[in-house]
$ cat model.txt   # compact mmCIF, C-alpha atoms
# COMPACT_ATOMS: atom_id res chain seq x y z
CA MET B 1 124.51 132.51 85.12
CA LEU B 2 121.72 133.96 87.13
CA LEU B 3 119.20 132.14 84.92
CA LEU B 4 121.05 128.87 85.33
CA ASN B 5 121.06 129.20 89.14
CA ASP B 6 117.38 130.13 89.19
CA SER B 7 116.56 127.16 87.01
CA VAL B 8 118.51 124.78 89.25
CA LYS B 9 116.79 126.21 92.33
CA LEU B 10 113.40 125.87 90.67
CA SER B 11 114.15 122.32 89.67
CA ARG B 12 115.21 121.47 93.26
CA LEU B 13 112.07 123.09 94.64
CA LEU B 14 109.88 121.16 92.22
CA THR B 15 111.71 117.93 93.05
CA ALA B 16 111.06 118.49 96.75
CA LEU B 17 107.42 119.29 96.02
CA ALA B 18 107.11 116.22 93.81
CA ILE B 19 108.55 113.91 96.46
CA THR B 20 106.28 115.44 99.11
CA SER B 21 103.16 115.13 96.96
CA ALA B 22 104.10 111.59 95.95
CA CYS B 23 104.57 110.58 99.59
CA ILE B 24 101.24 112.14 100.62
CA GLY B 25 99.53 110.40 97.70
CA CYS B 26 100.96 106.98 98.58
CA ALA B 27 100.14 107.34 102.26
CA SER B 28 96.50 108.15 101.59
CA ALA B 29 96.09 105.28 99.14
CA GLU B 30 95.61 102.84 102.03
CA ARG B 31 92.64 103.19 104.31
CA GLU B 32 93.87 104.96 107.37
CA GLY B 33 94.36 102.61 110.29
CA VAL B 34 93.09 99.47 108.52
CA HIS B 35 95.84 96.96 108.07
CA TYR B 36 94.13 93.61 107.76
CA ASP B 37 91.45 91.75 105.87
CA ASN B 38 89.53 88.54 106.40
CA SER B 39 90.37 86.12 103.60
CA PHE B 40 88.74 82.76 102.97
CA ARG B 41 90.66 79.89 101.42
CA ASN B 42 89.21 76.55 100.55
CA VAL B 43 91.69 73.70 100.21
CA THR B 44 89.08 70.99 99.61
CA PRO B 45 88.19 69.87 96.08
CA ASP B 46 84.63 71.22 96.33
CA ALA B 47 83.20 74.70 96.76
CA MET B 48 82.00 75.78 100.20
CA THR B 49 78.69 77.65 100.14
CA ALA B 50 76.73 79.87 102.54
CA VAL B 51 80.02 80.88 104.14
CA LYS B 52 79.72 83.53 106.84
CA ILE B 53 81.40 84.61 110.02
CA ASP B 54 79.80 86.12 113.13
CA TRP B 55 81.27 87.74 116.19
CA ASP B 56 80.45 90.15 118.98
CA SER B 57 82.61 93.06 119.98
CA ASN B 58 81.97 96.02 122.30
CA GLY B 59 78.28 95.18 122.49
CA ARG B 60 77.88 95.03 118.71
CA HIS B 61 77.22 92.04 116.52
CA PHE B 62 79.19 91.67 113.30
CA THR B 63 78.39 89.42 110.34
CA GLN B 64 80.30 88.95 107.13
CA GLN B 65 78.57 86.96 104.41
CA LEU B 66 80.92 85.55 101.84
CA GLY B 67 78.57 83.16 100.09
CA ARG B 68 80.51 80.81 97.87
CA VAL B 69 84.20 80.09 98.31
CA PRO B 70 85.53 78.04 95.40
CA PRO B 71 88.54 75.74 95.87
CA ALA B 72 91.93 77.42 95.71
CA VAL B 73 93.59 76.40 92.47
CA TYR B 74 96.78 77.69 90.84
CA HIS B 75 96.96 81.42 91.61
CA TYR B 76 93.39 81.75 92.80
CA VAL B 77 93.58 82.00 96.58
CA GLY B 78 89.99 82.69 97.62
CA VAL B 79 87.74 85.49 98.75
CA SER B 80 88.50 88.66 100.71
CA ALA B 81 85.95 90.67 102.70
CA VAL B 82 86.04 94.46 102.28
CA GLU B 83 85.08 95.34 105.82
CA ALA B 84 87.76 94.88 108.47
CA PRO B 85 86.47 96.25 111.76
CA TYR B 86 88.70 96.70 114.77
CA PRO B 87 89.38 95.21 117.21
CA ILE B 88 90.30 91.91 115.63
CA PRO B 89 87.89 89.53 117.40
CA ASP B 90 88.93 87.02 120.03
CA GLU B 91 86.50 84.39 118.76
CA VAL B 92 84.49 84.01 115.59
CA ILE B 93 81.72 81.60 114.67
CA VAL B 94 82.25 80.28 111.16
CA THR B 95 79.29 78.83 109.27
CA TRP B 96 79.46 77.03 105.95
CA LYS B 97 77.73 74.41 103.88
CA THR B 98 79.60 71.44 102.47
CA LYS B 99 78.97 69.77 99.10
CA ASP B 100 76.51 67.26 100.61
CA GLY B 101 74.41 70.15 101.95
CA THR B 102 75.45 69.80 105.58
CA LEU B 103 75.48 73.12 107.43
CA ARG B 104 78.51 73.26 109.71
CA HIS B 105 79.46 75.65 112.50
CA GLN B 106 82.78 76.05 114.21
CA THR B 107 84.06 78.54 116.76
CA VAL B 108 87.64 79.58 116.12
CA LYS B 109 90.06 81.69 118.13
CA VAL B 110 91.39 84.57 116.03
CA ALA B 111 93.22 87.33 117.93
CA SER B 112 95.41 84.87 119.85
CA ARG B 113 96.56 83.38 116.53
CA ILE B 114 97.97 86.69 115.22
CA PRO B 115 101.64 87.26 116.03
CA ASP B 116 102.48 90.82 117.13
CA ILE B 117 98.84 91.77 116.62
CA ASP B 118 99.35 95.53 117.15
CA ARG B 119 101.68 95.69 114.17
CA PHE B 120 100.04 93.04 112.01
CA LYS B 121 99.58 94.03 108.37
CA GLY B 122 98.15 91.20 106.39
CA SER B 123 95.33 88.75 105.79
CA ILE B 124 93.65 86.59 108.38
CA PHE B 125 92.98 83.43 106.42
CA TYR B 126 90.03 81.25 107.34
CA GLN B 127 91.26 78.05 105.74
CA PHE B 128 88.66 75.37 105.08
CA SER B 129 89.74 71.76 104.88
CA THR B 130 87.79 68.54 105.30
CA ASP B 131 88.68 68.67 109.01
CA GLY B 132 87.19 72.12 109.52
CA VAL B 133 88.50 75.69 109.71
CA VAL B 134 91.88 76.91 110.89
CA ILE B 135 93.13 80.49 111.22
CA ILE B 136 96.32 81.26 109.34
CA PRO B 137 97.66 84.83 109.42
CA ARG B 138 99.80 85.84 106.44
CA SER B 139 101.39 89.27 106.08
CA TYR B 140 100.89 91.32 102.91
CA ALA B 141 104.68 91.40 102.50
CA TYR B 142 104.73 87.58 102.42
CA GLN B 143 101.89 87.43 99.89
CA GLU B 144 103.36 90.16 97.67
CA ARG B 145 106.75 88.46 97.71
CA ASN B 146 105.22 85.16 96.61
CA VAL B 147 103.33 86.86 93.78
CA ALA B 148 106.50 88.70 92.70
CA GLN B 149 108.23 85.31 92.55
CA GLY B 150 105.50 83.91 90.32
CA LYS B 151 103.85 81.81 93.01
CA ALA B 152 100.35 81.97 94.38
CA ALA B 153 100.08 84.55 97.19
CA VAL B 154 99.58 81.66 99.59
CA PRO B 155 101.10 78.49 98.10
CA MET N 1 124.41 123.68 75.25
CA ARG N 2 122.01 121.31 76.92
CA HIS N 3 120.99 122.47 80.36
CA PRO N 4 122.23 119.93 82.95
CA GLY N 5 119.18 120.40 85.15
CA ARG N 6 116.63 119.92 82.38
CA PRO N 7 116.01 116.16 82.74
CA LEU N 8 115.63 116.58 86.49
CA PHE N 9 113.34 119.54 85.93
CA LEU N 10 111.13 117.55 83.54
CA LEU N 11 111.06 114.54 85.86
CA SER N 12 110.19 116.63 88.88
CA THR N 13 107.49 118.51 86.97
CA THR N 14 105.97 115.22 85.77
CA LEU N 15 106.09 113.74 89.25
CA PHE N 16 104.57 116.88 90.70
CA VAL N 17 101.70 116.81 88.24
CA THR N 18 101.01 113.07 88.46
CA GLY N 19 102.47 112.08 91.81
CA CYS N 20 101.85 108.42 92.69
CA ASN N 21 98.38 109.22 93.80
CA SER N 22 96.56 106.03 92.90
CA ASP N 23 93.37 107.32 94.53
CA ALA N 24 93.11 110.39 92.30
CA PHE N 25 89.89 110.33 90.31
CA ARG N 26 90.20 109.28 86.72
CA ALA N 27 87.21 109.08 84.42
CA GLY N 28 85.87 105.56 84.17
CA THR N 29 87.35 104.41 87.45
CA LEU N 30 84.12 104.69 89.40
CA SER N 31 81.38 102.10 89.36
CA TYR N 32 78.31 101.35 91.42
CA GLN N 33 77.18 98.04 92.78
CA VAL N 34 73.81 97.20 94.27
CA GLN N 35 73.68 94.10 96.44
CA ASN N 36 70.98 92.32 98.38
CA GLY N 37 72.36 91.18 101.72
CA SER N 38 69.06 89.76 102.93
CA PRO N 39 67.98 86.16 102.41
CA ALA N 40 64.90 87.06 100.32
CA ALA N 41 64.21 89.20 97.25
CA LEU N 42 63.69 92.95 97.70
CA ASN N 43 61.26 94.77 95.47
CA ASP N 44 60.89 98.22 93.92
CA VAL N 45 64.34 99.42 94.90
CA GLU N 46 64.58 103.12 94.09
CA ILE N 47 67.89 104.99 94.17
CA ARG N 48 67.69 108.77 93.79
CA TRP N 49 70.30 111.49 93.75
CA ARG N 50 70.79 114.98 92.38
CA GLU N 51 73.33 115.49 89.63
CA ASP N 52 74.19 118.80 87.98
CA GLY N 53 70.97 120.27 89.30
CA TYR N 54 68.84 117.41 87.95
CA ASP N 55 67.08 114.66 89.84
CA VAL N 56 68.28 111.25 88.67
CA SER N 57 66.79 107.94 89.72
CA ASN N 58 67.41 104.27 89.16
CA HIS N 59 64.66 101.71 89.64
CA ILE N 60 65.23 98.00 90.20
CA HIS N 61 62.01 96.03 90.04
CA GLN N 62 63.38 93.02 91.88
CA LEU N 63 66.74 92.66 93.59
CA LEU N 64 67.47 89.01 94.12
CA PRO N 65 69.64 87.80 96.99
CA ALA N 66 72.93 86.10 96.31
CA ARG N 67 72.42 82.37 96.14
CA ASP N 68 74.31 80.14 98.52
CA ASP N 69 76.30 78.82 95.61
CA GLU N 70 77.56 82.11 94.25
CA VAL N 71 79.96 84.79 95.37
CA PRO N 72 77.74 87.77 96.34
CA PHE N 73 78.99 90.41 93.95
CA GLY N 74 75.59 91.96 93.26
CA ARG N 75 74.69 94.08 90.25
CA TYR N 76 77.26 96.36 88.72
CA TYR N 77 76.46 99.63 87.04
CA ASN N 78 78.94 101.24 84.72
CA TYR N 79 76.89 104.39 84.86
CA ALA N 80 77.96 106.31 87.92
CA PRO N 81 76.85 109.75 89.04
CA LEU N 82 79.64 112.27 88.66
CA PRO N 83 80.60 113.80 90.92
CA ILE N 84 79.63 111.34 93.65
CA PRO N 85 76.39 112.85 95.00
CA ALA N 86 76.30 114.39 98.46
CA ILE N 87 73.02 112.70 99.32
CA VAL N 88 71.40 109.51 98.07
CA ASP N 89 67.77 108.68 98.84
CA LEU N 90 66.84 105.03 98.87
CA GLU N 91 63.51 103.26 99.01
CA TRP N 92 62.70 99.58 98.88
CA LYS N 93 60.15 96.97 99.87
CA SER N 94 61.24 94.06 102.02
CA SER N 95 60.01 90.54 101.39
CA ASP N 96 57.06 91.08 103.79
CA GLY N 97 55.85 93.94 101.58
CA GLN N 98 56.82 96.68 104.03
CA GLN N 99 58.11 99.92 102.55
CA HIS N 100 61.47 101.27 103.78
CA ALA N 101 63.35 104.47 103.11
CA LYS N 102 66.72 105.83 104.08
CA ARG N 103 68.75 108.92 103.23
CA ILE N 104 72.50 108.44 103.11
CA GLU N 105 74.84 111.38 103.38
CA VAL N 106 77.69 110.20 101.23
CA ASP N 107 79.84 113.20 102.17
CA ARG N 108 80.02 111.91 105.73
CA LEU N 109 81.00 108.41 104.63
CA LEU N 110 83.54 109.55 102.09
CA PRO N 111 85.09 112.75 103.41
CA GLN N 112 87.57 112.80 100.51
CA LYS N 113 85.11 111.64 97.88
CA TRP N 114 86.70 113.81 95.20
CA ARG N 115 89.74 111.55 95.48
CA PHE N 116 87.84 108.26 95.55
CA SER N 117 88.11 105.75 92.77
CA GLY N 118 86.72 102.25 92.99
CA THR N 119 83.30 100.74 93.54
CA ILE N 120 80.56 102.17 95.72
CA CYS N 121 78.46 99.29 96.96
CA LEU N 122 74.90 99.85 98.16
CA LYS N 123 74.11 96.82 100.27
CA PHE N 124 70.43 96.40 101.07
CA PHE N 125 69.02 94.38 103.93
CA ASP N 126 65.40 93.81 104.92
CA SER N 127 65.09 97.01 106.92
CA ASP N 128 68.38 98.80 106.35
CA VAL N 129 70.90 99.75 103.72
CA CYS N 130 74.56 100.60 104.01
CA VAL N 131 77.17 102.04 101.71
CA ILE N 132 80.45 100.17 101.44
CA PRO N 133 83.12 101.98 99.46
CA VAL N 134 85.58 99.54 97.90
CA PRO N 135 88.64 101.55 96.94
CA ARG N 136 90.46 100.79 93.71
CA TRP N 137 93.70 100.03 95.53
CA MET N 138 91.94 97.26 97.45
CA GLU N 139 90.39 95.78 94.30
CA GLU N 140 93.80 95.87 92.62
CA ARG N 141 95.60 94.40 95.61
CA ASN N 142 93.12 91.54 95.92
CA GLN N 143 93.29 90.87 92.19
CA ARG N 144 97.08 90.83 92.38
CA LEU N 145 96.94 88.43 95.34
CA GLY N 146 94.44 86.13 93.62
CA LYS N 147 91.37 86.98 95.69
CA ALA N 148 87.82 87.98 94.87
CA THR N 149 86.66 91.11 96.74
CA VAL N 150 83.34 90.77 98.53
CA PRO N 151 81.66 93.82 100.13
$ encode --input "model.txt" --output "structure tokens"
Amino acid sequence: MLLLNDSVKLSRLLTALAITSACIGCASAEREGVHYDNSFRNVTPDAMTAVKIDWDSNGRHFTQQLGRVPPAVYHYVGVSAVEAPYPIPDEVIVTWKTKDGTLRHQTVKVASRIPDIDRFKGSIFYQFSTDGVVIIPRSYAYQERNVAQGKAAVP
Amino acid sequence: MRHPGRPLFLLSTTLFVTGCNSDAFRAGTLSYQVQNGSPAALNDVEIRWREDGYDVSNHIHQLLPARDDEVPFGRYYNYAPLPIPAIVDLEWKSSDGQQHAKRIEVDRLLPQKWRFSGTICLKFFDSDVCVIPVPRWMEERNQRLGKATVP
């Protein structure tokens, strides 16, 4: 009886430890404090090249070079940049080259396009169309749900 | 008689040992990438570190920049120093022929490097180099969401 009780206690203790370690593990899997990424989606039929974004923040200049962004087809959405510095910039200069070799620039407003920016967890999409670039924020929950339903993350 | 707490005991022990720690290091889950972020070719790129008491180096005669028409993934190396070295010394020549050198203290960039799995990207510019760790969870998330990951 004593053995049975000890075993049950041990099993409870290990369960508690397991849950704790699992929670700690999951929490540290995401980069602390980083909850967004810059994603680039091309909805034209041709690849965009020399794609980059530039912005200034707190006296520093930031550049992200993405290079080539192929058209989004089927479940391929686009390109995601690793670095995601805070704060999310107010304005960004987007540069890209179209199929005919024309180098285009466009300044886009970013921070003002993000709903509930302090709690935003998702991708800031720079969506390229023939008319230019628009900013479309999409939460990770939205993208994951679409993928779970067999759709592209951003249909 | 079968002990009623045994399945729970086994489950809890398994969970305790494995957890859901997706960042835990597993052999083969670490790779290195060397990328040229400058517009011109870089020459004589030398990457040196100390591993198990030995000096190890990797020489790249010419590191070409990503072309405008390609996604800048850079060069991948399956061979990765284990454990991740504390210090990496880097030397390279920029397109104007000038020699550059930089020492990177990886321990400061990756405070929990023993837990890291993913790709460590060394991104060279004309007169600077930076280390961009790309964690496995990010690579997996982007792959799941249909995106290419670009350091």
$ atom_distance --input "model.txt" --atom1 "CA of Thr49 (chain B)" --atom2 "CA of Arg104 (chain B)"
10.5 Å
$ atom_distance --input "model.txt" --atom1 "CA of Val131 (chain N)" --atom2 "CA of Phe40 (chain B)"
22.5 Å
$ residues_around --input "model.txt" --residues "region 113-127 of chain B" --least-positions-apart "3" --cutoff "8 Å" --atoms "all atoms listed in the file" --output "PyMOL selection string"
chain B and resi 35-43+109-110+133-141
$ residues_around --input "model.txt" --residues "region 85-90 of chain B" --least-positions-apart "2" --cutoff "8 Å" --atoms "all atoms listed in the file" --output "number ranges by chain"
B: 55-57, 83, 92, 109-112
$ write_last_selection --input "model.txt" --atoms "C-alpha atoms" --output "compact mmCIF listing (two decimals), in the coordinates of the input"
# COMPACT_ATOMS: atom_id res chain seq x y z
CA TRP B 55 81.27 87.74 116.19
CA ASP B 56 80.45 90.15 118.98
CA SER B 57 82.61 93.06 119.98
CA GLU B 83 85.08 95.34 105.82
CA VAL B 92 84.49 84.01 115.59
CA LYS B 109 90.06 81.69 118.13
CA VAL B 110 91.39 84.57 116.03
CA ALA B 111 93.22 87.33 117.93
CA SER B 112 95.41 84.87 119.85
$ atom_distance --input "model.txt" --atom1 "CA of Gln106 (chain B)" --atom2 "CA of Ser129 (chain B)"
12.4 Å
$ closest_residue --input "model.txt" --among "B:Val51, B:Ser80, B:His61, B:Gly150" --to "chain N" --atoms "all atoms listed in the file"
B:Ser80
$ closest_residue --input "model.txt" --among "B:Phe128, B:Trp96, B:Tyr142, B:Tyr76" --to "chain N" --atoms "all atoms listed in the file"
B:Tyr76
$ closest_residue --input "model.txt" --among "N:Leu145, N:Ile87, N:Ala41, N:Leu122" --to "chain B" --atoms "only C-alpha atoms"
N:Leu145
